[in-house]
>>> print(open('query.txt').read())   # compact mmCIF, C-alpha atoms
# COMPACT_ATOMS: atom_id res chain seq x y z
CA MET A 947 6.48 94.46 -20.71
CA THR A 948 7.08 90.95 -22.04
CA ASN A 949 8.52 87.77 -20.61
CA SER A 950 11.53 85.99 -22.09
CA ALA A 951 9.23 84.06 -24.49
CA GLY A 952 7.95 87.37 -25.92
CA ILE A 953 4.53 87.06 -24.28
CA LYS A 954 3.08 90.40 -23.17
CA VAL A 955 2.53 90.87 -19.44
CA ALA A 956 -0.37 93.12 -18.38
CA ILE A 957 0.87 96.00 -16.23
CA LEU A 958 -0.45 99.07 -14.49
CA SER A 959 1.55 102.28 -14.43
CA ASN A 960 1.67 105.22 -12.07
CA ILE A 961 3.65 108.44 -12.49
CA LYS A 962 4.60 110.60 -9.51
CA GLY A 963 7.05 113.41 -10.23
CA ASN A 964 10.00 111.80 -12.01
CA THR A 965 9.16 108.21 -11.04
CA LEU A 966 7.26 105.73 -13.23
CA THR A 967 6.08 102.72 -11.20
CA LEU A 968 5.04 99.56 -13.08
CA THR A 969 3.13 96.73 -11.39
CA ARG A 970 1.53 93.57 -12.73
CA SER A 971 -2.20 94.07 -13.15
CA SER A 972 -2.78 90.64 -11.58
CA GLY A 973 -0.71 87.88 -10.05
CA THR A 974 2.99 87.89 -9.31
CA TYR A 975 6.15 87.45 -11.33
CA TYR A 976 7.19 83.84 -11.97
CA ASN A 977 10.36 82.46 -10.37
CA GLY A 978 13.24 82.14 -12.81
CA THR A 979 11.48 84.08 -15.59
CA THR A 980 13.24 86.95 -17.33
CA TYR A 981 11.11 90.02 -18.07
CA ILE A 982 11.86 92.76 -20.57
CA ILE A 983 10.67 96.34 -20.14
CA THR A 984 10.58 98.53 -23.24
CA ILE A 985 9.71 102.22 -23.02
CA PRO A 986 9.35 103.72 -26.52
CA SER A 987 10.59 107.31 -26.88
CA ASN A 988 7.05 108.61 -27.45
CA ALA A 989 5.63 106.86 -24.33
CA ILE A 990 7.00 109.45 -21.89
CA THR A 991 7.18 113.24 -22.13
CA ASP A 992 8.20 115.97 -19.75
CA PRO A 993 5.76 118.79 -18.84
CA ALA A 994 7.09 120.81 -21.82
CA GLY A 995 6.13 117.98 -24.22
CA ASN A 996 9.64 116.68 -24.94
CA ASN A 997 9.74 112.93 -25.68
CA LEU A 998 12.07 110.50 -23.96
CA ALA A 999 15.45 110.94 -25.69
CA ALA A 1000 15.50 107.34 -27.00
CA THR A 1001 13.68 104.04 -26.60
CA TYR A 1002 14.79 102.39 -23.36
CA THR A 1003 14.98 98.63 -22.77
CA SER A 1004 15.84 96.82 -19.54
CA LYS A 1005 15.44 93.24 -18.31
CA PHE A 1006 15.37 91.46 -14.98
CA THR A 1007 15.10 87.88 -13.80
CA VAL A 1008 13.04 86.88 -10.77
CA ASP A 1009 15.04 85.48 -7.84
CA THR A 1010 14.97 81.68 -7.56
CA THR A 1011 17.61 81.27 -4.86
CA PRO A 1012 16.04 80.37 -1.51
CA PRO A 1013 17.54 81.88 1.65
CA THR A 1014 19.82 79.72 3.77
CA VAL A 1015 20.79 80.01 7.44
CA LYS A 1016 24.33 81.37 7.67
CA ILE A 1017 24.82 81.88 11.41
CA ILE A 1018 22.77 81.23 14.53
CA ASN A 1019 23.57 82.64 17.95
CA PRO A 1020 23.74 80.84 20.28
CA THR A 1021 25.60 78.30 18.16
CA ASN A 1022 24.48 74.70 17.81
CA ASN A 1023 25.12 72.71 21.03
CA ALA A 1024 26.13 75.84 22.99
CA VAL A 1025 26.08 75.39 26.77
CA ASN A 1026 25.92 77.72 29.75
CA ILE A 1027 24.10 80.48 27.90
CA PRO A 1028 22.31 83.16 29.97
CA ILE A 1029 18.66 82.51 30.83
CA ASN A 1030 17.66 85.69 28.94
CA GLN A 1031 19.71 84.94 25.80
CA LEU A 1032 18.29 86.31 22.55
CA ILE A 1033 18.34 83.93 19.61
CA ASP A 1034 19.65 85.58 16.44
CA VAL A 1035 19.44 83.78 13.10
CA TYR A 1036 21.29 85.34 10.16
CA PHE A 1037 20.29 84.43 6.61
CA SER A 1038 22.01 84.62 3.23
CA GLU A 1039 19.63 87.30 1.95
CA PRO A 1040 16.85 89.60 3.21
CA ILE A 1041 13.82 87.66 4.49
CA LYS A 1042 10.19 88.18 5.43
CA ILE A 1043 7.81 86.16 7.54
CA GLY A 1044 6.31 83.21 5.66
CA ASN A 1045 3.37 80.89 6.32
CA GLY A 1046 5.09 78.14 8.30
CA TYR A 1047 5.93 77.85 11.98
CA ILE A 1048 9.20 78.29 13.83
CA GLU A 1049 9.48 75.74 16.61
CA LEU A 1050 11.25 76.28 19.93
CA LYS A 1051 11.09 73.57 22.58
CA THR A 1052 13.27 71.86 25.16
CA SER A 1053 15.37 68.84 24.18
CA ASN A 1054 12.79 66.53 25.81
CA GLY A 1055 10.00 68.04 23.69
CA THR A 1056 8.24 70.12 26.34
CA GLY A 1057 7.33 73.79 26.29
CA LYS A 1058 5.08 73.74 23.26
CA GLY A 1059 2.76 76.66 22.65
CA ARG A 1060 1.94 79.18 19.94
CA LYS A 1061 3.12 82.76 20.02
CA LYS A 1062 3.02 85.49 17.43
CA ILE A 1063 6.31 86.85 16.19
CA GLN A 1064 6.69 90.26 14.63
CA ASP A 1065 9.19 91.66 12.18
CA HIS A 1066 9.73 95.06 13.79
CA ALA A 1067 11.31 96.53 10.65
CA THR A 1068 8.30 95.95 8.40
CA ARG A 1069 5.55 95.16 10.94
CA ASN A 1070 4.84 91.83 9.21
CA HIS A 1071 3.29 89.27 11.56
CA GLY A 1072 3.94 85.55 11.75
CA LYS A 1073 3.68 82.78 14.31
CA ILE A 1074 6.14 80.93 16.45
CA LYS A 1075 5.45 77.51 17.88
CA GLY A 1076 7.45 76.80 20.99
>>> encode(input="query.txt", output="structure tokens")
Amino acid sequence: MTNSAGIKVAILSNIKGNTLTLTRSSGTYYNGTTYIITIPSNAITDPAGNNLAATYTSKFTVDTTPPTVKIINPTNNAVNIPINQLIDVYFSEPIKIGNGYIELKTSNGTGKGRKKIQDHATRNHGKIKG
């Protein structure tokens, strides 16, 4: 694998059944960089020894678009919401828990405290300050 400047990127490979998984041997991909994967025809064979039909090339560019808040429920300045109201925040793309804090407090600034939040879909843990 190479980046868009033609510099080789060290990768590790793993084959399981009909899936070839490639991962960087160290570090992460760089935002905004285009990477090119080339699999020569003699790099892969089936159990009978048949080579890949032809050299395969593919490229991808790492996401540089940060997520944005699209909708929040309850809406900004909502009144008369139930005392057990859930707060749902919808983003422009899939998200995961980061390193910062989410703050929830009353309009006069009281009610501060730290609580862990959990992404129940992936079991990632983060913190909420409120």
>>> closest_residue(input="query.txt", among="A:Val1035, A:Leu966, A:Gly952, A:Asn1030", to="Ile1048 of chain A", atoms="only C-alpha atoms")
A:Val1035
>>> closest_residue(input="query.txt", among="A:Ile1033, A:Ala956, A:Met947, A:Leu968", to="Thr1021 of chain A", atoms="only C-alpha atoms")
A:Ile1033
>>> residues_around(input="query.txt", residues="Gly963 of chain A", least_positions_apart="5", cutoff="12 Å", atoms="all atoms listed in the file", output="ChimeraX atom specification")
/A:991-993
>>> residues_around(input="query.txt", residues="Thr980 of chain A", least_positions_apart="4", cutoff="9 Å", atoms="all atoms listed in the file", output="list in words")
Thr948, Asn949, Ser950, Ala951, Tyr976, Lys1005, Phe1006, Thr1007 and Val1008 of chain A
>>> residues_near_point(input="query.txt", point="(1.3, 99.1, -17.4)", cutoff="9 Å", atoms="all atoms listed in the file", output="VMD selection string")
chain A and resid 947 955 to 960 967 to 971
>>> axis_aligned_box(input="query.txt", around="segment 992-1007 of chain A", padding_each_side="8 Å", output="AutoDock Vina command-line options")
--center_x 10.8 --center_y 104.3 --center_z -20.4 --size_x 26.1 --size_y 48.9 --size_z 29.2
>>> closest_residue(input="query.txt", among="A:Ile953, A:Thr974, A:Tyr1036, A:Asn1026", to="Thr1014 of chain A", atoms="only C-alpha atoms")
A:Tyr1036
>>> atom_distance(input="query.txt", atom1="atom CA of Ile983 of chain A", atom2="atom CA of Ser1038 of chain A")
28.5 Å
>>> atom_distance(input="query.txt", atom1="atom CA of Ile1041 of chain A", atom2="atom CA of Pro1012 of chain A")
9.7 Å
>>> residues_around(input="query.txt", residues="Asn997 of chain A", least_positions_apart="3", cutoff="6 Å", atoms="all atoms listed in the file", output="PyMOL selection string")
chain A and resi 987-988+990-991
>>> closest_residue(input="query.txt", among="A:Lys954, A:Asp1034, A:Tyr1002, A:Pro1040", to="Asn1022 of chain A", atoms="all atoms listed in the file")
A:Asp1034
>>> residues_around(input="query.txt", residues="Thr1003 of chain A", least_positions_apart="2", cutoff="9 Å", atoms="all atoms listed in the file", output="VMD selection string")
chain A and resid 982 to 986 1001 1005
>>> atom_distance(input="query.txt", atom1="atom CA of Gly978 of chain A", atom2="atom CA of Tyr1047 of chain A")
26.2 Å
